[in-house]
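Engineer: Supplied structure: start_3.csv, CSV, C-alpha atoms and all ligand atoms.
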```
chain,number,residue,atom,x,y,z
A,124,PRO,CA,23.4,3.6,-4.2
A,125,GLY,CA,24.7,0.6,-2.3
A,126,ALA,CA,21.8,0.8,0.2
A,127,HIS,CA,20.0,-2.3,1.4
A,128,VAL,CA,16.3,-2.2,0.5
A,129,VAL,CA,13.9,-4.9,1.7
A,130,VAL,CA,10.6,-5.1,-0.2
A,131,THR,CA,7.9,-7.3,1.2
A,132,GLY,CA,5.5,-8.3,-1.6
A,133,GLY,CA,8.5,-7.7,-3.9
A,134,SER,CA,7.7,-10.6,-6.2
A,135,SER,CA,4.7,-9.1,-8.0
A,136,GLY,CA,2.9,-5.9,-9.0
A,137,ILE,CA,3.7,-2.6,-7.2
A,138,GLY,CA,6.3,-4.3,-4.9
A,139,LYS,CA,8.3,-5.7,-7.8
A,140,CYS,CA,8.3,-2.3,-9.6
A,141,ILE,CA,9.5,-0.7,-6.4
A,142,ALA,CA,12.4,-3.2,-6.2
A,143,ILE,CA,13.3,-2.5,-9.9
A,144,GLU,CA,13.2,1.3,-9.3
A,145,CYS,CA,15.6,0.9,-6.3
A,146,TYR,CA,17.8,-1.5,-8.2
A,147,LYS,CA,18.1,0.9,-11.0
A,148,GLN,CA,19.5,3.4,-8.5
A,149,GLY,CA,22.2,0.9,-7.4
A,150,ALA,CA,20.5,-0.6,-4.3
A,151,PHE,CA,20.9,-4.1,-2.9
A,152,ILE,CA,17.6,-5.8,-2.7
A,153,THR,CA,15.9,-8.4,-0.5
A,154,LEU,CA,12.6,-9.6,-1.8
A,155,VAL,CA,10.2,-11.1,0.7
A,156,ALA,CA,7.1,-13.1,-0.3
A,157,ARG,CA,5.7,-16.6,0.1
A,158,ASN,CA,5.8,-18.3,-3.4
A,159,GLU,CA,9.4,-19.3,-4.3
A,160,ASP,CA,8.8,-19.6,-8.0
A,161,LYS,CA,7.4,-16.1,-8.2
A,162,LEU,CA,10.3,-14.8,-6.2
A,163,LEU,CA,12.9,-16.4,-8.5
A,164,GLN,CA,11.1,-15.1,-11.6
A,165,ALA,CA,11.0,-11.6,-10.1
A,166,LYS,CA,14.7,-11.8,-9.2
A,167,LYS,CA,15.6,-12.6,-12.8
A,168,GLU,CA,13.5,-9.7,-14.0
A,169,ILE,CA,15.0,-7.2,-11.6
A,170,GLU,CA,18.6,-8.3,-12.3
A,171,LYS,CA,18.2,-7.2,-15.9
A,172,HIS,CA,18.2,-3.6,-14.6
A,173,SER,CA,21.6,-3.7,-12.8
A,174,ILE,CA,23.9,-0.7,-13.1
A,175,ASN,CA,27.0,-2.4,-11.6
A,176,ASP,CA,28.2,-6.0,-11.2
A,177,LYS,CA,28.3,-5.9,-7.4
A,178,GLN,CA,24.5,-5.6,-7.0
A,179,VAL,CA,22.6,-8.5,-5.4
A,180,VAL,CA,19.0,-9.6,-5.3
A,181,LEU,CA,18.3,-11.9,-2.3
A,182,CYS,CA,15.0,-13.8,-2.1
A,183,ILE,CA,13.4,-14.9,1.1
A,184,SER,CA,10.2,-17.0,1.3
A,185,VAL,CA,8.2,-16.2,4.4
A,186,ASP,CA,4.6,-15.3,5.3
A,187,VAL,CA,4.9,-11.8,6.8
A,188,SER,CA,1.6,-12.1,8.6
A,189,GLN,CA,2.0,-15.3,10.6
A,190,ASP,CA,4.7,-15.4,13.2
A,191,TYR,CA,6.8,-12.5,14.4
A,192,ASN,CA,9.8,-14.6,15.4
A,193,GLN,CA,10.0,-16.1,11.9
A,194,VAL,CA,9.9,-12.6,10.3
A,195,GLU,CA,12.6,-11.4,12.7
A,196,ASN,CA,14.8,-14.4,11.8
A,197,VAL,CA,14.6,-13.8,8.1
A,198,ILE,CA,15.3,-10.1,8.5
A,199,LYS,CA,18.4,-11.1,10.5
A,200,GLN,CA,19.5,-13.5,7.7
A,201,ALA,CA,19.1,-10.7,5.2
A,202,GLN,CA,21.1,-8.3,7.3
A,203,GLU,CA,23.9,-10.8,7.7
A,204,LYS,CA,24.2,-11.2,3.9
A,205,LEU,CA,23.6,-7.6,2.7
A,206,GLY,CA,24.2,-5.4,5.8
A,207,PRO,CA,21.7,-3.4,7.9
A,208,VAL,CA,18.4,-2.4,6.3
A,209,ASP,CA,18.4,1.2,5.0
A,210,MET,CA,14.9,1.1,3.7
A,211,LEU,CA,12.0,-1.3,4.3
A,212,VAL,CA,9.0,-1.2,2.0
A,213,ASN,CA,5.9,-2.9,3.4
A,214,CYS,CA,4.1,-3.8,0.2
A,215,ALA,CA,2.8,-7.3,0.9
A,216,GLY,CA,-1.0,-7.1,1.0
A,217,MET,CA,-4.2,-8.0,-0.7
A,218,ALA,CA,-7.8,-6.8,-1.3
A,219,VAL,CA,-11.1,-8.6,-1.0
A,220,SER,CA,-14.3,-6.7,-1.6
A,221,GLY,CA,-17.9,-7.5,-1.0
A,222,LYS,CA,-20.9,-6.3,1.0
A,223,PHE,CA,-20.4,-6.4,4.7
A,224,GLU,CA,-23.0,-9.2,5.2
A,225,ASP,CA,-21.5,-11.2,2.3
A,226,LEU,CA,-17.9,-11.2,3.6
A,227,GLU,CA,-16.8,-14.0,5.8
A,228,VAL,CA,-15.7,-13.0,9.3
A,229,SER,CA,-12.5,-14.8,8.5
A,230,THR,CA,-11.8,-12.3,5.7
A,231,PHE,CA,-11.8,-9.4,8.2
A,232,GLU,CA,-9.2,-11.4,10.2
A,233,ARG,CA,-7.1,-12.3,7.2
A,234,LEU,CA,-7.0,-8.8,5.7
A,235,MET,CA,-6.1,-7.4,9.1
A,236,SER,CA,-3.3,-10.0,9.4
A,237,ILE,CA,-1.8,-9.5,6.0
A,238,ASN,CA,-2.3,-5.7,5.5
A,239,TYR,CA,-1.8,-4.5,9.0
A,240,LEU,CA,0.2,-7.1,11.1
A,241,GLY,CA,2.1,-8.0,7.9
A,242,SER,CA,3.4,-4.4,8.0
A,243,VAL,CA,4.0,-4.3,11.8
A,244,TYR,CA,6.2,-7.4,12.0
A,245,PRO,CA,8.9,-6.5,9.4
A,246,SER,CA,8.9,-2.9,10.7
A,247,ARG,CA,9.3,-4.0,14.3
A,248,ALA,CA,12.2,-6.2,13.2
A,249,VAL,CA,14.2,-3.4,11.6
A,250,ILE,CA,13.4,-0.4,13.8
A,251,THR,CA,15.9,-0.9,16.6
A,252,THR,CA,18.9,-1.0,14.2
A,253,MET,CA,17.6,1.9,12.3
A,254,LYS,CA,17.3,4.1,15.4
A,255,GLU,CA,20.8,3.0,16.6
A,256,ARG,CA,22.3,3.9,13.2
A,257,ARG,CA,20.3,7.0,13.0
A,258,VAL,CA,19.5,6.0,9.4
A,259,GLY,CA,16.4,4.6,7.8
A,260,ARG,CA,13.3,4.8,5.8
A,261,ILE,CA,10.1,2.7,6.3
A,262,VAL,CA,7.4,2.8,3.6
A,263,PHE,CA,3.9,1.5,4.2
A,264,VAL,CA,1.7,0.9,1.2
A,265,SER,CA,-1.9,1.8,2.2
A,266,SER,CA,-4.4,2.8,-0.6
A,267,GLN,CA,-6.8,5.5,-1.6
A,268,ALA,CA,-9.2,3.2,0.2
A,269,GLY,CA,-7.1,3.9,3.3
A,270,GLN,CA,-8.2,7.5,3.0
A,271,LEU,CA,-11.9,7.1,2.5
A,272,GLY,CA,-14.4,4.2,3.1
A,273,LEU,CA,-16.1,2.9,0.0
A,274,PHE,CA,-19.0,0.5,-0.7
A,275,GLY,CA,-17.5,-3.1,-0.7
A,276,PHE,CA,-14.4,-2.2,1.3
A,277,THR,CA,-15.5,-2.7,4.9
A,278,ALA,CA,-12.7,-5.2,5.5
A,279,TYR,CA,-10.1,-3.8,3.2
A,280,SER,CA,-10.4,-0.1,4.1
A,281,ALA,CA,-10.2,-0.8,7.8
A,282,SER,CA,-6.9,-2.7,7.4
A,283,LYS,CA,-5.5,0.2,5.3
A,284,PHE,CA,-6.7,2.9,7.7
A,285,ALA,CA,-4.9,1.0,10.5
A,286,ILE,CA,-1.6,1.5,8.7
A,287,ARG,CA,-2.1,5.3,8.9
A,288,GLY,CA,-2.5,5.3,12.7
A,289,LEU,CA,0.6,3.1,13.1
A,290,ALA,CA,2.6,5.3,10.8
A,291,GLU,CA,1.7,8.6,12.4
A,292,ALA,CA,2.5,7.3,15.9
A,293,LEU,CA,5.7,5.7,14.8
A,294,GLN,CA,6.9,8.8,12.9
A,295,MET,CA,6.6,10.9,16.1
A,296,GLU,CA,8.8,8.3,17.9
A,297,VAL,CA,11.5,8.0,15.4
A,298,LYS,CA,11.9,11.4,13.8
A,299,PRO,CA,14.6,12.5,16.3
A,300,TYR,CA,16.6,9.5,15.3
A,301,ASN,CA,16.6,10.6,11.7
A,302,VAL,CA,14.3,7.7,10.6
A,303,TYR,CA,11.5,8.7,8.2
A,304,ILE,CA,8.2,7.1,7.5
A,305,THR,CA,6.3,7.3,4.2
A,306,VAL,CA,2.6,6.2,3.7
A,307,ALA,CA,1.6,5.6,0.1
A,308,TYR,CA,-2.0,5.8,-1.1
A,309,PRO,CA,-2.1,4.4,-4.6
A,310,PRO,CA,-5.2,4.4,-6.8
A,311,ASP,CA,-6.3,1.3,-8.7
A,312,THR,CA,-3.2,-0.1,-10.3
A,313,ASP,CA,-2.8,-2.6,-13.1
A,314,THR,CA,-1.3,-5.6,-11.2
A,315,PRO,CA,-1.9,-9.4,-10.9
A,316,GLY,CA,-3.5,-8.6,-7.5
A,317,PHE,CA,-5.9,-6.1,-9.0
A,318,ALA,CA,-7.0,-8.6,-11.7
A,319,GLU,CA,-7.7,-11.1,-9.0
A,320,GLU,CA,-9.6,-8.7,-6.9
A,321,ASN,CA,-11.8,-7.6,-9.9
A,322,ARG,CA,-13.2,-11.1,-10.3
A,323,THR,CA,-15.4,-10.7,-7.3
A,324,LYS,CA,-15.9,-6.9,-7.0
A,325,PRO,CA,-19.5,-5.7,-6.5
A,326,LEU,CA,-20.8,-3.5,-9.3
A,327,GLU,CA,-21.1,-0.5,-6.9
A,328,THR,CA,-17.4,-0.8,-6.0
A,329,ARG,CA,-16.4,-1.0,-9.6
A,330,LEU,CA,-18.5,2.0,-10.6
A,331,ILE,CA,-17.3,4.2,-7.7
A,332,SER,CA,-13.6,3.2,-8.3
A,333,GLU,CA,-13.9,4.2,-11.9
A,334,THR,CA,-13.9,7.8,-10.6
A,335,THR,CA,-10.1,7.5,-10.8
A,336,SER,CA,-8.3,5.9,-13.7
A,337,VAL,CA,-6.2,2.7,-13.4
A,338,CYS,CA,-2.4,3.5,-13.0
A,339,LYS,CA,0.6,1.6,-14.2
A,340,PRO,CA,2.6,-0.1,-11.4
A,341,GLU,CA,5.9,1.4,-12.7
A,342,GLN,CA,4.4,4.9,-12.3
A,343,VAL,CA,3.2,4.2,-8.8
A,344,ALA,CA,6.5,2.7,-7.8
A,345,LYS,CA,8.5,5.7,-9.1
A,346,GLN,CA,6.5,8.1,-7.0
A,347,ILE,CA,6.7,6.0,-3.9
A,348,VAL,CA,10.5,5.6,-4.2
A,349,LYS,CA,10.9,9.3,-4.8
A,350,ASP,CA,8.8,10.3,-1.8
A,351,ALA,CA,10.6,7.8,0.4
A,352,ILE,CA,14.0,9.1,-0.5
A,353,GLN,CA,12.9,12.6,0.2
A,354,GLY,CA,11.5,11.5,3.5
A,355,ASN,CA,7.9,12.7,2.7
A,356,PHE,CA,5.3,11.3,5.1
A,357,ASN,CA,2.7,11.3,2.3
A,358,SER,CA,3.0,9.7,-1.1
A,359,SER,CA,0.1,10.1,-3.5
A,360,LEU,CA,-0.4,10.2,-7.3
A,361,GLY,CA,-2.5,12.2,-9.7
A,362,SER,CA,-4.9,15.1,-9.1
A,363,ASP,CA,-7.5,13.0,-7.1
A,364,GLY,CA,-4.6,11.6,-5.1
A,365,TYR,CA,-3.4,15.0,-4.3
A,366,MET,CA,-6.8,16.3,-3.3
A,367,LEU,CA,-7.5,13.2,-1.2
A,368,SER,CA,-4.2,13.6,0.7
A,369,ALA,CA,-4.7,17.3,1.3
A,370,LEU,CA,-8.3,16.7,2.4
A,371,THR,CA,-7.5,13.9,4.8
A,372,CYS,CA,-4.3,15.3,6.2
A,373,GLY,CA,-5.8,15.6,9.7
A,374,MET,CA,-2.9,15.5,12.3
A,375,ALA,CA,-0.4,13.8,10.0
A,376,PRO,CA,3.1,15.2,10.2
A,377,VAL,CA,4.0,17.8,7.7
A,378,THR,CA,7.1,17.5,5.6
A,379,SER,CA,7.5,21.1,4.3
A,380,ILE,CA,6.1,24.6,4.9
A,381,THR,CA,4.8,24.5,1.3
A,382,GLU,CA,2.9,21.3,2.0
A,383,GLY,CA,1.4,22.8,5.2
A,384,LEU,CA,0.4,26.0,3.5
A,385,GLN,CA,-1.2,24.2,0.5
A,386,GLN,CA,-3.3,22.1,3.0
A,387,VAL,CA,-4.5,25.2,4.8
A,388,VAL,CA,-5.4,27.0,1.6
A,389,THR,CA,-7.1,24.1,-0.3
A,390,MET,CA,-9.0,22.4,2.6
A,391,GLY,CA,-12.4,24.2,2.1
A,392,LEU,CA,-12.3,23.9,-1.7
A,393,PHE,CA,-11.5,20.2,-1.6
A,394,ARG,CA,-14.2,19.5,0.9
A,395,THR,CA,-16.6,21.2,-1.4
A,396,ILE,CA,-15.5,19.1,-4.3
A,397,ALA,CA,-15.6,16.0,-2.0
A,398,LEU,CA,-19.3,16.7,-1.2
A,399,PHE,CA,-20.1,16.4,-4.9
A,400,TYR,CA,-18.2,13.1,-5.1
A,401,LEU,CA,-20.0,11.7,-2.1
A,402,GLY,CA,-23.4,12.7,-3.6
A,403,SER,CA,-22.5,10.9,-6.8
A,404,PHE,CA,-21.3,7.8,-4.9
A,405,ASP,CA,-24.6,7.7,-3.0
A,406,SER,CA,-26.6,7.9,-6.2
A,407,ILE,CA,-24.5,5.0,-7.7
A,408,VAL,CA,-25.3,2.9,-4.7
A,409,ARG,CA,-29.0,3.8,-4.8
A,410,ARG,CA,-29.3,3.1,-8.5
A,411,CYS,CA,-27.7,-0.3,-8.2
A,412,MET,CA,-30.0,-1.2,-5.3
A,413,MET,CA,-33.1,-0.2,-7.4
A,414,GLN,CA,-31.8,-2.1,-10.4
A,415,ARG,CA,-31.4,-5.2,-8.2
A,416,GLU,CA,-34.8,-4.9,-6.7
A,417,LYS,CA,-36.4,-4.5,-10.2
A,418,SER,CA,-34.7,-7.6,-11.6
A,419,GLU,CA,-35.7,-9.6,-8.5
A,420,ILE,CA,-39.3,-8.7,-9.0
A,421,ALA,CA,-39.0,-9.5,-12.7
A,422,ASP,CA,-37.5,-12.9,-11.7
A,423,LYS,CA,-40.4,-13.6,-9.4
A,424,THR,CA,-43.1,-12.8,-11.9
A,425,ALA,CA,-41.5,-14.7,-14.7
B,1,LIG,N1,-3.2,-2.9,-7.3
B,1,LIG,C1,-4.0,-1.9,-6.8
B,1,LIG,O1,-5.0,-1.5,-7.3
B,1,LIG,C2,-3.6,-1.4,-5.4
B,1,LIG,C3,-2.8,-2.1,-4.5
B,1,LIG,N2,-2.5,-1.5,-3.3
B,1,LIG,C4,-1.7,-2.2,-2.3
B,1,LIG,O2,-0.4,-2.4,-2.8
B,1,LIG,C5,0.1,-3.6,-2.4
B,1,LIG,C6,0.6,-4.5,-3.5
B,1,LIG,O3,-0.5,-4.7,-4.4
B,1,LIG,P1,-0.4,-5.4,-5.8
B,1,LIG,O4,0.9,-5.1,-6.4
B,1,LIG,O5,-1.6,-5.1,-6.5
B,1,LIG,O6,-0.5,-7.0,-5.3
B,1,LIG,P2,0.0,-8.4,-6.0
B,1,LIG,O7,-1.1,-9.3,-5.6
B,1,LIG,O8,0.3,-8.2,-7.4
B,1,LIG,O9,1.3,-8.7,-5.2
B,1,LIG,C7,1.3,-9.0,-3.8
B,1,LIG,C8,2.6,-9.4,-3.3
B,1,LIG,O10,2.6,-9.6,-1.9
B,1,LIG,C9,3.0,-10.9,-1.6
B,1,LIG,N3,2.3,-11.4,-0.4
B,1,LIG,C10,0.9,-11.5,-0.3
B,1,LIG,N4,0.6,-11.9,0.9
B,1,LIG,C11,1.8,-12.2,1.6
B,1,LIG,C12,2.1,-12.7,2.8
B,1,LIG,N5,1.2,-13.1,3.7
B,1,LIG,N6,3.4,-12.8,3.2
B,1,LIG,C13,4.4,-12.4,2.3
B,1,LIG,N7,4.1,-11.9,1.1
B,1,LIG,C14,2.8,-11.8,0.7
B,1,LIG,C15,2.7,-11.7,-2.9
B,1,LIG,O11,3.5,-12.8,-3.0
B,1,LIG,P3,3.1,-14.3,-2.5
B,1,LIG,O12,1.6,-14.4,-2.8
B,1,LIG,O13,3.9,-15.3,-3.2
B,1,LIG,O14,3.3,-14.3,-1.0
B,1,LIG,C16,3.1,-10.6,-3.9
B,1,LIG,O15,4.5,-10.5,-4.0
B,1,LIG,C17,-1.0,-4.3,-1.5
B,1,LIG,O16,-0.8,-4.0,-0.2
B,1,LIG,C18,-2.2,-3.6,-2.0
B,1,LIG,O17,-3.3,-3.6,-1.0
B,1,LIG,C19,-3.0,-0.3,-2.9
B,1,LIG,C20,-3.8,0.5,-3.8
B,1,LIG,C21,-4.2,0.0,-5.1
B,2,LIG,C1,-11.5,16.1,-3.2
B,2,LIG,C2,-11.9,14.7,-3.1
B,2,LIG,C3,-11.5,13.9,-4.2
B,2,LIG,C4,-12.2,12.6,-4.2
B,2,LIG,C5,-11.8,11.6,-5.1
B,2,LIG,C6,-12.4,10.3,-4.8
B,2,LIG,C7,-11.8,9.1,-5.6
B,2,LIG,C8,-12.4,7.8,-5.0
B,2,LIG,C9,-11.9,6.7,-5.8
B,2,LIG,C10,-11.3,5.6,-4.8
B,2,LIG,C11,-10.8,4.5,-5.6
B,2,LIG,C12,-10.3,3.5,-4.6
B,2,LIG,C13,-9.1,2.8,-5.0
B,2,LIG,C14,-8.7,1.6,-4.2
B,2,LIG,C15,-7.5,0.9,-4.7
B,2,LIG,C16,-7.3,-0.3,-4.0
B,2,LIG,O1,-6.7,-0.3,-3.0
B,2,LIG,C17,-7.8,-1.5,-4.6
B,2,LIG,N1,-7.5,-1.6,-6.0
B,2,LIG,C18,-7.4,-2.7,-3.9
B,2,LIG,O2,-6.2,-3.1,-4.3
```
Would you write out, as structure tokens, the structure that this file holds?

Structural biologist:
Amino acid sequence: PGAHVVVTGGSSGIGKCIAIECYKQGAFITLVARNEDKLLQAKKEIEKHSINDKQVVLCISVDVSQDYNQVENVIKQAQEKLGPVDMLVNCAGMAVSGKFEDLEVSTFERLMSINYLGSVYPSRAVITTMKERRVGRIVFVSSQAGQLGLFGFTAYSASKFAIRGLAEALQMEVKPYNVYITVAYPPDTDTPGFAEENRTKPLETRLISETTSVCKPEQVAKQIVKDAIQGNFNSSLGSDGYMLSALTCGMAPVTSITEGLQQVVTMGLFRTIALFYLGSFDSIVRRCMMQREKSEIADKTA
């Protein structure tokens, strides 16, 4: 309550729901995104959930992936108005899918800029003050596709895996200063961004993704905010989310003894389950390939 929460990508989808969730708990919110109309629209929607009349929603229009100095300036402006940032949520991002050879090289650059550098810049702009105050939370929104590579996600997965490396290294640096990092790995979530992404998704990617069901953004946001407040390094959702996180824990920091023990005990079992999933993904890819070849031959003979 009374905390200042900055949400990049806060004008739509998961980011907007995170902002609402924090606002419901009495936070002051800064929304960061590019389109001003969407920002104002989201501000109105968030303000409906106020719990006292002091709460403020500030909107800032900036591209978080372009120029570090610009991002630093807008964070400064937000801090002058609403005080030092207690929690930063890096949720601005996007997905583009397609086979490796069909994706433009510029798409690799763009996704890396938005999903990775767009998380580096705001974090870099708040970290010094957080360390000085010995208070702070930084949330990175990765994806289940940041835990495993899937057909069609060569550009997207890489940009989401990058976040994990950044987060692990940063957590080791800032833990003694009482600053906690959370990486969230949401499954497919029903948002405007997801609808957009689905318009060009390869059949293989669609079929493989259907392994997990589509979540509501409110549900995803609730889990992320809860994990961030608790200072959990990992934030995931559902039974496949739980399995994926335990299976891919690697050298990630552990937040509780229980979490560590669960990882140790479940690792072999989850790897066994994963082998079956991998087998079924491979057969989806093979089936789609054969289907395509068949229809190509049919086209030629027709
Ligand atoms: N929906 C899903 O299935 C999943 C999504 N995710 C991740 O969650 C995050 C949010 O996704 P979702 O809610 O679906 O996305 P939406 O497309 O619905 O919203 C994206 C938000 O980010 C903002 N944004 C995009 N690019 C920039 C930029 N360069 N600078 C500043 N703001 C930007 C958008 O505003 P504007 O365009 O006006 O700038 C908008 O507010 C993304 O990082 C996505 O990869 C992870 C797993 C699953
Ligand atoms: C023990 C092992 C369990 C294995 C479970 C495997 C589940 C794989 C499904 C992955 C779905 C990928 C979602 C990507 C969401 C996303 O980021 C896009 N919507 C882009 O926004």

Engineer: Could you pull the residues within 12 Å of Gln202 of chain A, counting only C-alpha atoms, minus those fewer than 5 positions along the same chain, as a list in words?

Structural biologist: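 Here the answer would be Ala126, His127, Val128, Val129, Phe151, Ile152, Thr153, Leu181, Ile183, Glu195, Asn196, Val197, Pro207, Val208, Asp209, Met210, Leu211, Ala248, Val249, Thr252 and Met253 of chain A.
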
Engineer: Please identify the residues whose atoms come within 7 Å of ligand LIG 2 (chain B), using only C-alpha atoms and all ligand atoms, and report them as a VMD selection string.

Structural biologist: chain A and resid 217 to 218 266 to 268 309 to 312 316 to 317 331 to 335 363 366 to 367 370 393 to 394 396 to 397 400

Engineer: Dump the neighbourhood of ligand LIG 1 (chain B) as a PyMOL selection string: all residues within 6 Å, distances computed on only C-alpha atoms and all ligand atoms.

Structural biologist: chain A and resi 131-138+156-158+185-188+214-218+237+264-266+309-317

Engineer: Select, from A:Ser406, A:Tyr303, A:Ile198, A:Thr424, the residue with the minimum atom-to-atom distance to Gln353 of chain A, counting only C-alpha atoms.

Structural biologist: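 Closest candidate: A:Tyr303.
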
Engineer: Interatomic distance between atom CA of Lys345 of chain A and atom CA of Cys140 of chain A?

Structural biologist: 8.0 Å

Engineer: Record the distance separating atom CA of Tyr279 of chain A and atom CA of Arg415 of chain A, expressed in Å with one decimal.

Structural biologist: 24.2 Å

Engineer: What does the distance from atom CA of Thr323 of chain A to atom CA of Ser229 of chain A come to in Å, to one decimal?

Structural biologist: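 About the pair atom CA of Thr323 of chain A and atom CA of Ser229 of chain A: they are 16.6 Å apart.
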
Engineer: Write out as an NGL selection string which residues come within 12 Å of Asp225 of chain A when counting only C-alpha atoms, dropping same-chain ones fewer than 5 positions away.

Structural biologist: :A and (219-220 or 230-231 or 275-278 or 323-325)

Engineer: Could you tell me, as a list in words, which residues have any atom at most 9 Å from (-1.0, 8.4, -5.1), counting only C-alpha atoms?

Structural biologist: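 With a cut-off of 9 Å, the residues come to Ser266, Gln267, Ala307, Tyr308, Pro309, Pro310, Val343, Gln346, Ile347, Asn357, Ser358, Ser359, Leu360, Gly361, Ser362, Asp363, Gly364, Tyr365, Leu367 and Ser368 of chain A.
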
Engineer: Determine the nearest neighbour of Ile169 of chain A from the options A:Ser184, A:Cys145, A:Asn192, A:Val388, counting all atoms listed in the file.

Structural biologist: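 Under the stated criterion, the closest residue is A:Cys145.
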
Engineer: Do a neighbour search on Ile407 of chain A at 12 Å with only C-alpha atoms, toss out local chain neighbours closer than 3 positions, and write the hits as a ChimeraX atom specification.

Structural biologist: /A:273-274,325-334,400-404,410-414

Engineer: Counting all atoms listed in the file, what is within 12 Å of Val297 of chain A, bar same-chain residues fewer than 2 positions away, as a list of chain:residue names?

Structural biologist: A:Ile250, A:Thr251, A:Thr252, A:Met253, A:Lys254, A:Glu255, A:Arg256, A:Arg257, A:Val258, A:Gly259, A:Arg260, A:Ile261, A:Ala290, A:Glu291, A:Ala292, A:Leu293, A:Gln294, A:Met295, A:Pro299, A:Tyr300, A:Asn301, A:Val302, A:Tyr303, A:Ile304
